[in-house]
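J.: Please find entry-v8.cif (mmCIF, C-alpha atoms and all ligand atoms) on the next line:
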```cif
data_my_file
#
loop_
_atom_site.label_atom_id
_atom_site.label_comp_id
_atom_site.auth_asym_id
_atom_site.auth_seq_id
_atom_site.Cartn_x
_atom_site.Cartn_y
_atom_site.Cartn_z
CA MET A 24 -19.83 -19.25 -9.27
CA SER A 25 -21.16 -15.68 -9.55
CA GLU A 26 -20.46 -13.39 -12.49
CA PRO A 27 -16.93 -12.01 -12.47
CA VAL A 28 -16.52 -8.34 -11.56
CA LEU A 29 -13.87 -8.03 -14.23
CA THR A 30 -13.17 -10.15 -17.28
CA VAL A 31 -10.11 -9.26 -19.32
CA GLN A 32 -9.71 -10.93 -22.67
CA ASP A 33 -6.75 -10.81 -25.01
CA LEU A 34 -5.52 -7.47 -23.67
CA ARG A 35 -2.78 -6.03 -25.86
CA VAL A 36 -0.93 -2.77 -25.49
CA ARG A 37 1.45 -1.40 -28.08
CA MET A 38 3.49 1.71 -27.31
CA ASP A 39 6.22 3.77 -28.87
CA THR A 40 9.32 3.45 -26.73
CA ALA A 41 12.76 5.00 -27.06
CA ARG A 42 13.80 1.93 -29.07
CA GLY A 43 10.77 1.80 -31.34
CA SER A 44 7.23 0.54 -31.23
CA ALA A 45 6.70 -2.47 -28.98
CA GLU A 46 4.00 -4.80 -27.74
CA ILE A 47 4.19 -4.16 -23.99
CA VAL A 48 1.26 -6.39 -23.08
CA ASN A 49 0.71 -9.35 -25.31
CA GLY A 50 -2.61 -11.17 -25.03
CA LEU A 51 -3.48 -11.16 -21.34
CA SER A 52 -6.72 -12.88 -20.25
CA TYR A 53 -8.06 -13.29 -16.72
CA SER A 54 -11.11 -12.67 -14.63
CA VAL A 55 -11.78 -11.59 -11.07
CA ALA A 56 -14.79 -12.92 -9.16
CA PRO A 57 -16.56 -10.91 -6.45
CA GLY A 58 -14.57 -11.15 -3.23
CA GLU A 59 -11.65 -12.77 -4.99
CA THR A 60 -8.02 -11.58 -4.92
CA VAL A 61 -5.88 -12.11 -7.98
CA ALA A 62 -2.18 -11.37 -7.47
CA VAL A 63 -0.02 -10.35 -10.41
CA VAL A 64 3.70 -11.04 -10.06
CA GLY A 65 6.69 -10.76 -12.34
CA GLU A 66 9.99 -8.98 -12.73
CA SER A 67 10.37 -5.26 -13.21
CA GLY A 68 9.36 -4.27 -16.74
CA SER A 69 7.13 -7.28 -17.38
CA GLY A 70 4.14 -5.02 -18.08
CA LYS A 71 2.20 -5.30 -14.83
CA SER A 72 1.56 -1.57 -14.36
CA VAL A 73 0.88 -0.96 -18.04
CA SER A 74 -1.65 -3.80 -18.08
CA VAL A 75 -3.76 -2.25 -15.31
CA MET A 76 -3.33 1.38 -16.40
CA ALA A 77 -4.68 0.29 -19.79
CA LEU A 78 -7.92 -0.88 -18.14
CA LEU A 79 -8.68 2.58 -16.81
CA GLY A 80 -7.56 4.61 -19.81
CA LEU A 81 -4.53 5.98 -17.97
CA LEU A 82 -1.84 5.35 -20.57
CA PRO A 83 -0.39 8.08 -22.79
CA LYS A 84 -2.45 8.87 -25.89
CA GLN A 85 -0.01 7.11 -28.21
CA ALA A 86 -0.70 3.73 -26.58
CA ARG A 87 -2.78 1.38 -28.71
CA VAL A 88 -4.91 -0.88 -26.56
CA SER A 89 -6.97 -3.80 -27.86
CA GLY A 90 -8.98 -6.67 -26.39
CA THR A 91 -11.88 -6.39 -23.97
CA ALA A 92 -12.14 -5.68 -20.25
CA VAL A 93 -15.70 -6.10 -19.07
CA PHE A 94 -16.52 -4.49 -15.72
CA ARG A 95 -20.12 -4.86 -14.52
CA GLY A 96 -21.22 -5.85 -18.01
CA ARG A 97 -19.50 -3.00 -19.85
CA ASP A 98 -16.24 -2.88 -21.74
CA LEU A 99 -13.85 -0.42 -20.09
CA LEU A 100 -11.68 -0.34 -23.21
CA ARG A 101 -14.54 1.11 -25.23
CA MET A 102 -15.67 3.78 -22.78
CA ARG A 103 -15.30 7.48 -23.39
CA GLU A 104 -13.09 9.50 -21.06
CA ARG A 105 -16.10 10.87 -19.19
CA GLU A 106 -17.53 7.42 -18.49
CA LEU A 107 -14.12 6.15 -17.46
CA ARG A 108 -13.72 9.00 -15.04
CA ALA A 109 -17.06 8.08 -13.51
CA VAL A 110 -15.99 4.45 -13.17
CA ARG A 111 -12.69 5.49 -11.57
CA GLY A 112 -14.55 7.55 -9.00
CA ASP A 113 -17.31 5.06 -8.38
CA GLY A 114 -16.89 1.36 -8.85
CA VAL A 115 -13.17 0.91 -9.33
CA GLY A 116 -10.63 1.99 -6.72
CA MET A 117 -7.04 2.23 -7.82
CA VAL A 118 -3.77 2.61 -5.96
CA PHE A 119 -0.88 3.56 -8.20
CA GLN A 120 2.71 2.58 -7.79
CA ASP A 121 3.69 6.24 -7.40
CA PRO A 122 1.31 7.90 -4.92
CA MET A 123 2.08 11.42 -6.12
CA THR A 124 0.50 10.71 -9.51
CA SER A 125 -2.89 10.25 -7.89
CA LEU A 126 -2.77 13.14 -5.41
CA ASN A 127 -3.43 16.71 -6.39
CA PRO A 128 -0.53 18.74 -4.95
CA VAL A 129 -2.58 21.92 -4.51
CA LEU A 130 -5.54 20.43 -2.62
CA THR A 131 -5.57 19.42 1.04
CA ILE A 132 -5.84 15.76 1.91
CA GLY A 133 -9.25 16.45 3.44
CA ARG A 134 -10.54 18.06 0.27
CA GLN A 135 -9.32 15.15 -1.88
CA LEU A 136 -11.00 12.62 0.36
CA THR A 137 -14.28 14.45 0.89
CA GLU A 138 -14.79 15.42 -2.76
CA GLY A 139 -15.49 11.85 -3.84
CA LEU A 140 -17.65 11.13 -0.80
CA LEU A 141 -19.78 14.21 -1.49
CA ALA A 142 -19.91 13.77 -5.28
CA HIS A 143 -21.21 10.23 -4.95
CA ARG A 144 -23.55 11.16 -2.08
CA ARG A 145 -22.01 8.73 0.35
CA VAL A 146 -22.42 11.31 3.10
CA SER A 147 -25.14 13.81 3.90
CA GLY A 148 -22.96 16.91 4.00
CA LYS A 149 -19.55 18.45 4.58
CA LYS A 150 -19.45 17.74 8.28
CA GLU A 151 -20.18 14.06 7.86
CA ALA A 152 -17.72 13.92 4.96
CA ARG A 153 -14.94 15.20 7.24
CA GLU A 154 -15.86 12.68 9.92
CA ARG A 155 -15.82 9.88 7.40
CA ALA A 156 -12.53 11.09 5.87
CA ALA A 157 -10.85 11.19 9.29
CA GLN A 158 -12.13 7.68 9.99
CA LEU A 159 -10.72 6.42 6.68
CA LEU A 160 -7.32 7.93 7.49
CA ALA A 161 -7.42 6.31 10.92
CA ASP A 162 -8.29 2.99 9.25
CA VAL A 163 -5.13 3.10 7.14
CA GLY A 164 -3.08 3.84 10.25
CA LEU A 165 -2.29 7.50 9.66
CA PRO A 166 -1.17 9.21 12.86
CA ASP A 167 -3.26 12.29 13.73
CA PRO A 168 -5.89 11.69 11.04
CA ARG A 169 -7.80 14.88 11.86
CA GLY A 170 -4.72 17.03 11.58
CA ALA A 171 -3.84 15.36 8.29
CA LEU A 172 -7.10 16.54 6.72
CA ASP A 173 -5.79 20.11 6.59
CA ARG A 174 -2.38 19.27 5.23
CA PHE A 175 -1.12 19.19 1.66
CA PRO A 176 0.42 16.09 0.08
CA HIS A 177 3.98 17.49 0.19
CA GLU A 178 3.68 17.91 3.96
CA LEU A 179 3.39 14.15 4.40
CA SER A 180 6.04 11.46 4.13
CA GLY A 181 5.99 9.06 1.18
CA GLY A 182 4.50 6.27 3.29
CA MET A 183 1.80 8.59 4.64
CA ARG A 184 0.90 9.73 1.14
CA GLN A 185 0.65 6.11 0.09
CA ARG A 186 -1.81 5.49 2.92
CA VAL A 187 -3.86 8.51 1.88
CA VAL A 188 -4.08 7.13 -1.65
CA ILE A 189 -5.22 3.79 -0.26
CA ALA A 190 -7.83 5.57 1.87
CA ILE A 191 -9.14 7.39 -1.21
CA ALA A 192 -9.26 4.16 -3.22
CA LEU A 193 -11.24 2.43 -0.47
CA SER A 194 -13.51 5.39 0.28
CA GLY A 195 -16.02 4.50 -2.40
CA ASP A 196 -16.46 0.86 -1.28
CA PRO A 197 -15.35 -0.17 -4.78
CA ALA A 198 -16.59 -3.31 -6.52
CA LEU A 199 -13.09 -3.67 -7.92
CA LEU A 200 -9.83 -2.60 -6.31
CA ILE A 201 -6.65 -2.45 -8.37
CA ALA A 202 -3.54 -2.05 -6.24
CA ASP A 203 -0.11 -1.63 -7.82
CA GLU A 204 2.66 -2.19 -5.25
CA ALA A 205 0.32 -0.51 -2.77
CA THR A 206 2.07 -1.59 0.41
CA THR A 207 5.60 -2.18 -0.85
CA ALA A 208 6.97 1.02 0.65
CA LEU A 209 5.24 0.59 4.02
CA ASP A 210 6.60 -1.11 7.08
CA VAL A 211 5.26 -4.55 7.93
CA THR A 212 2.91 -3.53 10.73
CA VAL A 213 1.23 -0.87 8.63
CA GLN A 214 1.14 -3.29 5.72
CA ALA A 215 -0.58 -5.92 7.85
CA GLN A 216 -3.13 -3.33 8.98
CA ILE A 217 -3.90 -2.37 5.39
CA LEU A 218 -4.18 -5.96 4.23
CA ASP A 219 -6.67 -6.56 7.05
CA LEU A 220 -8.61 -3.50 5.99
CA VAL A 221 -8.81 -4.72 2.41
CA ALA A 222 -9.92 -8.16 3.61
CA ARG A 223 -12.68 -6.51 5.65
CA LEU A 224 -13.78 -4.49 2.64
CA GLN A 225 -13.91 -7.69 0.62
CA ASP A 226 -16.03 -9.37 3.28
CA GLU A 227 -18.44 -6.48 3.50
CA HIS A 228 -18.71 -5.51 -0.16
CA ASP A 229 -17.53 -8.56 -2.07
CA THR A 230 -14.82 -6.45 -3.64
CA GLY A 231 -12.77 -8.13 -6.34
CA VAL A 232 -9.07 -7.28 -6.02
CA VAL A 233 -6.16 -7.21 -8.45
CA TRP A 234 -3.00 -6.95 -6.35
CA ILE A 235 0.33 -6.32 -8.05
CA THR A 236 3.27 -7.08 -5.79
CA HIS A 237 6.86 -8.27 -5.60
CA ASP A 238 6.22 -9.71 -2.18
CA LEU A 239 5.48 -13.43 -2.29
CA GLY A 240 4.61 -13.43 1.41
CA VAL A 241 1.77 -11.04 0.61
CA VAL A 242 0.67 -13.21 -2.30
CA ALA A 243 0.57 -16.27 -0.06
CA GLY A 244 -1.27 -14.30 2.61
CA ILE A 245 -3.99 -12.61 0.63
CA ALA A 246 -4.38 -14.01 -2.88
CA ASP A 247 -6.72 -16.72 -4.10
CA ARG A 248 -5.12 -16.85 -7.49
CA VAL A 249 -1.85 -15.72 -8.97
CA LEU A 250 -0.90 -14.66 -12.47
CA VAL A 251 2.78 -14.70 -13.38
CA MET A 252 3.84 -12.21 -16.04
CA TYR A 253 6.98 -12.23 -18.12
CA GLY A 254 7.74 -10.10 -21.18
CA GLY A 255 4.17 -8.79 -21.35
CA ARG A 256 2.64 -12.27 -21.30
CA CYS A 257 1.07 -14.51 -18.74
CA VAL A 258 3.41 -17.48 -18.44
CA GLU A 259 1.50 -19.21 -15.65
CA ASP A 260 -1.69 -18.82 -13.64
CA GLY A 261 -3.76 -20.80 -11.18
CA THR A 262 -4.63 -20.94 -7.51
CA VAL A 263 -1.88 -19.79 -5.18
CA ASP A 264 -1.59 -23.32 -3.82
CA ASP A 265 -1.21 -24.89 -7.28
CA VAL A 266 1.26 -22.34 -8.56
CA PHE A 267 3.38 -22.16 -5.39
CA GLU A 268 3.42 -25.87 -4.71
CA ARG A 269 3.70 -27.11 -8.28
CA PRO A 270 5.10 -24.30 -10.42
CA ALA A 271 5.08 -25.54 -13.99
CA HIS A 272 6.87 -22.84 -15.94
CA PRO A 273 10.66 -22.60 -15.57
CA TYR A 274 10.28 -18.87 -15.00
CA THR A 275 7.90 -19.40 -12.10
CA GLN A 276 10.13 -22.15 -10.76
CA GLY A 277 13.00 -19.68 -10.81
CA LEU A 278 11.01 -16.96 -9.07
CA LEU A 279 9.91 -19.30 -6.33
CA GLY A 280 13.35 -20.86 -6.03
CA SER A 281 13.95 -20.00 -2.42
CA LEU A 282 10.44 -19.47 -1.16
CA PRO A 283 10.60 -20.78 2.41
CA GLN A 284 7.02 -21.68 3.26
CA LEU A 285 3.53 -20.98 2.14
CA HIS A 286 1.10 -19.46 4.67
CA ASP A 287 3.86 -18.00 6.80
CA ASP A 288 2.24 -14.59 6.75
CA GLU A 289 2.01 -13.59 10.38
CA PRO A 290 2.31 -9.82 10.91
CA GLY A 291 5.88 -8.78 11.34
CA GLY A 292 6.99 -11.92 9.53
CA ARG A 293 9.85 -11.81 7.09
CA ARG A 294 9.22 -10.35 3.69
CA ARG A 295 10.06 -12.52 0.77
CA GLU A 296 11.10 -10.93 -2.46
CA LEU A 297 11.09 -12.63 -5.80
CA VAL A 298 14.30 -14.52 -6.41
CA ALA A 299 16.74 -13.00 -8.87
CA ILE A 300 17.16 -15.09 -12.00
CA GLY A 301 20.38 -14.94 -14.02
CA GLY A 302 20.31 -12.60 -17.02
CA THR A 303 17.87 -9.81 -17.76
CA PRO A 304 14.44 -9.77 -19.37
CA PRO A 305 14.45 -8.95 -23.10
CA PRO A 306 13.46 -5.38 -24.04
CA PRO A 307 9.89 -5.29 -25.38
CA THR A 308 11.23 -4.10 -28.74
CA ASP A 309 13.27 -7.25 -29.09
CA LEU A 310 11.29 -10.26 -27.93
CA PRO A 311 12.49 -13.70 -29.00
CA PRO A 312 10.34 -15.53 -31.58
CA GLY A 313 9.46 -18.42 -29.28
CA CYS A 314 8.95 -18.49 -25.54
CA VAL A 315 9.83 -15.06 -24.11
CA PHE A 316 11.85 -16.75 -21.37
CA TRP A 317 13.89 -18.96 -23.74
CA PRO A 318 17.13 -16.90 -23.72
CA ARG A 319 17.36 -17.21 -19.91
CA CYS A 320 15.71 -20.56 -19.48
CA PRO A 321 17.79 -23.11 -17.57
CA VAL A 322 15.45 -25.95 -18.57
CA ARG A 323 14.79 -25.56 -22.31
CA GLY A 324 12.44 -28.51 -22.12
CA HIS A 325 11.32 -28.61 -25.74
CA GLU A 326 12.97 -27.54 -28.99
CA ARG A 327 9.77 -25.80 -30.12
CA CYS A 328 10.20 -23.33 -27.22
CA ALA A 329 12.91 -21.59 -29.24
CA THR A 330 10.79 -20.91 -32.29
CA GLU A 331 7.12 -20.93 -31.32
CA GLN A 332 5.20 -19.14 -28.60
CA PRO A 333 3.92 -21.84 -26.26
CA PRO A 334 0.20 -21.33 -25.55
CA LEU A 335 -1.17 -21.37 -22.01
CA THR A 336 -1.97 -25.03 -21.44
CA ALA A 337 -3.64 -26.76 -18.52
CA VAL A 338 -0.97 -28.28 -16.31
CA GLY A 339 -1.19 -32.01 -15.85
CA THR A 340 -3.09 -32.70 -19.05
CA ALA A 341 -1.18 -34.11 -22.01
CA ALA A 342 -2.83 -31.79 -24.53
CA GLY A 343 -4.92 -29.52 -22.37
CA ASP A 344 -7.02 -26.77 -23.86
CA GLY A 345 -6.32 -24.43 -20.97
CA SER A 346 -9.75 -24.81 -19.46
CA GLY A 347 -8.65 -27.50 -17.03
CA GLY A 348 -10.96 -29.64 -14.96
CA GLY A 349 -11.61 -27.76 -11.74
CA ASP A 350 -13.10 -24.35 -11.05
CA VAL A 351 -9.76 -22.64 -11.35
CA PRO A 352 -7.47 -24.14 -13.95
CA HIS A 353 -3.73 -24.22 -13.41
CA ARG A 354 -2.12 -23.21 -16.70
CA ALA A 355 1.40 -22.66 -17.92
CA ALA A 356 2.80 -21.48 -21.25
CA THR A 357 4.97 -24.50 -21.99
CA PHE A 358 5.15 -27.17 -24.67
CA TYR A 359 5.84 -29.86 -22.13
CA ASP A 360 4.58 -30.92 -18.77
CA ALA A 361 7.24 -29.82 -16.31
CA ALA A 362 5.90 -32.03 -13.53
CA ARG A 363 5.55 -35.14 -15.67
CA ASP A 364 8.78 -34.62 -17.60
CA ALA A 365 10.82 -33.58 -14.57
CA GLY A 366 12.94 -36.69 -14.80
CA GLU A 367 13.91 -36.16 -18.42
CA VAL A 368 14.21 -32.41 -18.63
CA GLY A 369 17.57 -31.09 -17.61
CA ALA A 370 18.78 -34.61 -16.75
N1 LIG A 401 4.57 5.54 -20.98
C1 LIG A 401 5.36 4.63 -21.53
N2 LIG A 401 5.84 4.78 -22.76
C2 LIG A 401 6.65 3.84 -23.31
N3 LIG A 401 7.00 2.69 -22.71
C3 LIG A 401 6.54 2.48 -21.46
C4 LIG A 401 5.69 3.42 -20.81
N4 LIG A 401 5.38 2.93 -19.58
C5 LIG A 401 6.01 1.75 -19.49
N5 LIG A 401 6.71 1.46 -20.61
C6 LIG A 401 7.50 0.25 -20.86
O1 LIG A 401 6.63 -0.85 -20.73
C7 LIG A 401 7.30 -1.96 -20.12
C8 LIG A 401 6.47 -2.44 -18.95
O2 LIG A 401 6.45 -1.43 -17.95
P1 LIG A 401 5.61 -1.58 -16.60
O3 LIG A 401 5.71 -0.29 -15.90
O4 LIG A 401 4.26 -2.09 -16.91
O5 LIG A 401 6.44 -2.71 -15.84
P2 LIG A 401 6.13 -3.34 -14.41
O6 LIG A 401 5.94 -4.81 -14.62
O7 LIG A 401 5.04 -2.61 -13.74
O8 LIG A 401 7.53 -3.13 -13.66
P3 LIG A 401 7.84 -2.71 -12.12
O9 LIG A 401 7.83 -3.99 -11.36
O10 LIG A 401 9.20 -2.12 -12.20
O11 LIG A 401 6.81 -1.75 -11.67
C9 LIG A 401 8.69 -1.46 -19.78
O12 LIG A 401 9.57 -1.92 -20.77
C10 LIG A 401 8.58 0.04 -19.80
O13 LIG A 401 9.78 0.62 -20.21
MG MG A 402 4.96 -1.37 -12.16
#
```
Output the file's structure in the form of structure tokens.
Ligand SMILES: Nc1ncnc2c1ncn2[C@@H]1O[C@H](COP(=O)(O)OP(=O)(O)OP(=O)(O)O)[C@@H](O)[C@H]1O
Ligand SMILES: [Mg+2]

T.:
Amino acid sequence: MSEPVLTVQDLRVRMDTARGSAEIVNGLSYSVAPGETVAVVGESGSGKSVSVMALLGLLPKQARVSGTAVFRGRDLLRMRERELRAVRGDGVGMVFQDPMTSLNPVLTIGRQLTEGLLAHRRVSGKKEARERAAQLLADVGLPDPRGALDRFPHELSGGMRQRVVIAIALSGDPALLIADEATTALDVTVQAQILDLVARLQDEHDTGVVWITHDLGVVAGIADRVLVMYGGRCVEDGTVDDVFERPAHPYTQGLLGSLPQLHDDEPGGRRRELVAIGGTPPPPTDLPPGCVFWPRCPVRGHERCATEQPPLTAVGTAAGDGSGGGDVPHRAATFYDAARDAGEVGA
């Protein structure tokens, strides 16, 4: 397999919160191959947004970030602000959860789109930049794309702004696209159009994608791999087929509880949200000593879960080392094999 576009290793983020200092992201490791889509799922507050903001130096100054995140051979976590800004404009495209944070309220949409195109010499001049910008807006399904060029962000609806942000993120043909709930607020037809657009970009430019979403239908439709986060940790990862068909962590099993069918992603199809699990996630300032999911876990498959953090272990191996056998290992942070022990656990 070719070199990953992004390799994240042991990413940790500690921040001061209202309730004290807390480890918001706790040892996250994953990689994204060219053309591959990795979906990140997990309940609200599990650290999904913080984990990707950390990669691009977008967290508040007080955040302490450690680990490595190698993009095209260089560690993003060790770059200076200037270099990071260059990477954000050329190489990595990012769509934030809140579109207003990435739009400048005092510049027209056209200006914000053409600036990047001109700065990175993707067009020969202003006229071509405007043409290209209008095309990008048409691609994301914005009505009257030409007219939109001369408007300011506040003159557009939330969904339109979101599409503008997506257009900007895609405008540089990025090697890596990080999308945080990018299509959650959009209606299904527009969402389908944008997912197609991203797929086309991936075909043409081998773009690696990290896609954060609550929508399991989208995960099934676009992702190659999925990473399940809980309490700042990865509790399970693997191919979408492995994780959806044989979820091995009780948290993942809970999330997928009522998932109707895999590959039922036709445009206009029903959206499937993550299933609500009884109880609430622990605040990051007060994580349990063992498995982060222990207090809510209906299975409690092993007594060690209460006192020790279970490491990510290859599913289906008695004492796996997490590297698995195939190209993409299926791993879960459990002390027991949920599939093998299904008969005993909870019986
Ligand atoms: N700037 C900040 N300062 C302090 N704590 C923060 C900050 N941003 C986020 N947090 C905390 O970090 C934790 C993870 O937040 P994050 O936004 O990453 O969650 P998320 O998984 O993206 O949730 P959602 O699905 O709601 O978007 C939360 O407990 C949140 O309160
Ligand atoms: Mg978020």

J.: Provide the CA of Pro57 (chain A) to CA of Thr262 (chain A) distance in Å, to one decimal place.

T.: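 Distance reported for this atom pair: 15.6 Å.
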
J.: Give me the residues within 12 Å of Ala109 (chain A) as a list in words, counting all atoms listed in the file and dropping any in the same chain fewer than 6 places off.

T.: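 Once the nearby chain positions are removed, what remains is Leu79, Gly80, Leu99, Met102, Arg103, Val115, Gly116, Gly139, Ala142, His143 and Gly195 of chain A.
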
J.: Within 10 Å of ligand MG 402 (chain A), counting all atoms listed in the file, which protein or nucleic acid residues do you find, written as number ranges by chain?

T.: A: 64-76, 119-121, 203-204, 235-237

J.: Could you list, with a cut-off of 12 Å and counting all atoms listed in the file, the residues of region 142-202 of chain A near region 86-94 of chain A, each shown with its nearest atom pair and the distance in Å rounded to one decimal, rows sorted by chain and ascending number, as a Markdown table?

T.:
```
| residue | atom | partner | partner_atom | distance |
| --- | --- | --- | --- | --- |
| A:Pro197 | CA | A:Phe94 | CA | 11.8 |
| A:Ala198 | CA | A:Phe94 | CA | 9.3 |
| A:Leu199 | CA | A:Phe94 | CA | 8.6 |
| A:Leu200 | CA | A:Phe94 | CA | 11.7 |
```

J.: Near Leu250 (chain A), within 8 Å and counting only C-alpha atoms, which residues show up once chain neighbours fewer than 3 positions away are dropped, as a PyMOL selection string?

T.: chain A and resi 61-64+257-261

J.: For Thr330 (chain A), work out the shell of residues within 12 Å, counting all atoms listed in the file and skipping chain neighbours fewer than 4 positions away, then give it as a PyMOL selection string.

T.: chain A and resi 310-318+323+325-326+358

J.: Create the file for the chosen residues now, containing C-alpha atoms and written as an mmCIF file, in the coordinates of the input.

T.:
```
data_model
loop_
_atom_site.group_PDB
_atom_site.id
_atom_site.type_symbol
_atom_site.label_atom_id
_atom_site.label_comp_id
_atom_site.auth_asym_id
_atom_site.auth_seq_id
_atom_site.Cartn_x
_atom_site.Cartn_y
_atom_site.Cartn_z
ATOM 1 C CA LEU A 310 11.290 -10.260 -27.930
ATOM 2 C CA PRO A 311 12.490 -13.700 -29.000
ATOM 3 C CA PRO A 312 10.340 -15.530 -31.580
ATOM 4 C CA GLY A 313 9.460 -18.420 -29.280
ATOM 5 C CA CYS A 314 8.950 -18.490 -25.540
ATOM 6 C CA VAL A 315 9.830 -15.060 -24.110
ATOM 7 C CA PHE A 316 11.850 -16.750 -21.370
ATOM 8 C CA TRP A 317 13.890 -18.960 -23.740
ATOM 9 C CA PRO A 318 17.130 -16.900 -23.720
ATOM 10 C CA ARG A 323 14.790 -25.560 -22.310
ATOM 11 C CA HIS A 325 11.320 -28.610 -25.740
ATOM 12 C CA GLU A 326 12.970 -27.540 -28.990
ATOM 13 C CA PHE A 358 5.150 -27.170 -24.670
#
```

J.: Using only C-alpha atoms - which residues lie no farther than 7 Å from the point (-2.2, 18.6, -1.1) in the file's frame? Write them as a PyMOL selection string.

T.: chain A and resi 126-132+174-177

J.: Output C-alpha atoms for every residue in that selection, as a short mmCIF file (atom, residue, chain, number, x, y, z; two decimals), in the coordinates of the input.

T.:
```
data_model
loop_
_atom_site.label_atom_id
_atom_site.label_comp_id
_atom_site.auth_asym_id
_atom_site.auth_seq_id
_atom_site.Cartn_x
_atom_site.Cartn_y
_atom_site.Cartn_z
CA LEU A 126 -2.77 13.14 -5.41
CA ASN A 127 -3.43 16.71 -6.39
CA PRO A 128 -0.53 18.74 -4.95
CA VAL A 129 -2.58 21.92 -4.51
CA LEU A 130 -5.54 20.43 -2.62
CA THR A 131 -5.57 19.42 1.04
CA ILE A 132 -5.84 15.76 1.91
CA ARG A 174 -2.38 19.27 5.23
CA PHE A 175 -1.12 19.19 1.66
CA PRO A 176 0.42 16.09 0.08
CA HIS A 177 3.98 17.49 0.19
#
```

J.: Give as a list in words the set of residues within 10 Å of the point (12.4, -18.7, -13.4), where distances use the file's coordinates and all atoms listed in the file.

T.: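 Within 10 Å of (12.4, -18.7, -13.4), the protein and nucleic acid residues are Gly65, Tyr253, Pro270, His272, Pro273, Tyr274, Thr275, Gln276, Gly277, Leu278, Leu279, Gly280, Leu297, Val298, Ala299, Ile300, Gly301, Phe316, Arg319, Cys320, Pro321 and Val322 of chain A.
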
J.: Find, counting only C-alpha atoms and all ligand atoms, the residue in A:Arg134, A:Arg108, A:Arg256, A:Arg95 that gets nearest to ligand LIG 401 (chain A).

T.: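 Among the listed residues, A:Arg256 lies closest to ligand LIG 401 (chain A).
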
J.: Counting only C-alpha atoms, what is within 10 Å of Asp196 (chain A), bar same-chain residues fewer than 3 positions away, as a VMD selection string?

T.: chain A and resid 113 to 116 145 191 to 193 199 to 200 224 to 225 227 to 230

J.: What does the distance between CA of Ile189 (chain A) and CA of Arg35 (chain A) come to in Å, to one decimal place?

T.: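 Taking CA of Ile189 (chain A) and CA of Arg35 (chain A), their separation equals 27.5 Å.
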
J.: Let me know the centre plus edge lengths, in Å and rounded to one decimal, of a box with edges along x, y and z that contains all listed atoms of region 327-331 of chain A and is padded by 8 Å on every side, as lines of an AutoDock Vina configuration file.

T.:
```
center_x = 10.0
center_y = -23.4
center_z = -29.8
size_x = 21.8
size_y = 20.9
size_z = 21.1
```

J.: I'd like the contact shell of Glu59 (chain A) - 7 Å cut-off, only C-alpha atoms, skipping same-chain residues fewer than 4 positions apart - returned as number ranges by chain.

T.: A: 55, 231-232, 247

J.: Quick one: of A:Asp98, A:Val118, A:Cys328, A:Ala190, who's nearest to Thr137 (chain A), counting only C-alpha atoms?

T.: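 Selected residue with least distance to Thr137 (chain A): A:Ala190.
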
J.: Just how far from CA of Val263 (chain A) is CA of Arg248 (chain A), in Å to one decimal?

T.: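 Between CA of Arg248 (chain A) and CA of Val263 (chain A) the gap works out to 4.9 Å.
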
J.: May I ask which of the residues A:Leu81, A:Val163, A:Val221, A:Ala356 is the closest one to ligand LIG 401 (chain A), counting all atoms listed in the file?

T.: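 Comparing A:Leu81, A:Val163, A:Val221, A:Ala356 against ligand LIG 401 (chain A), the winner is A:Leu81.
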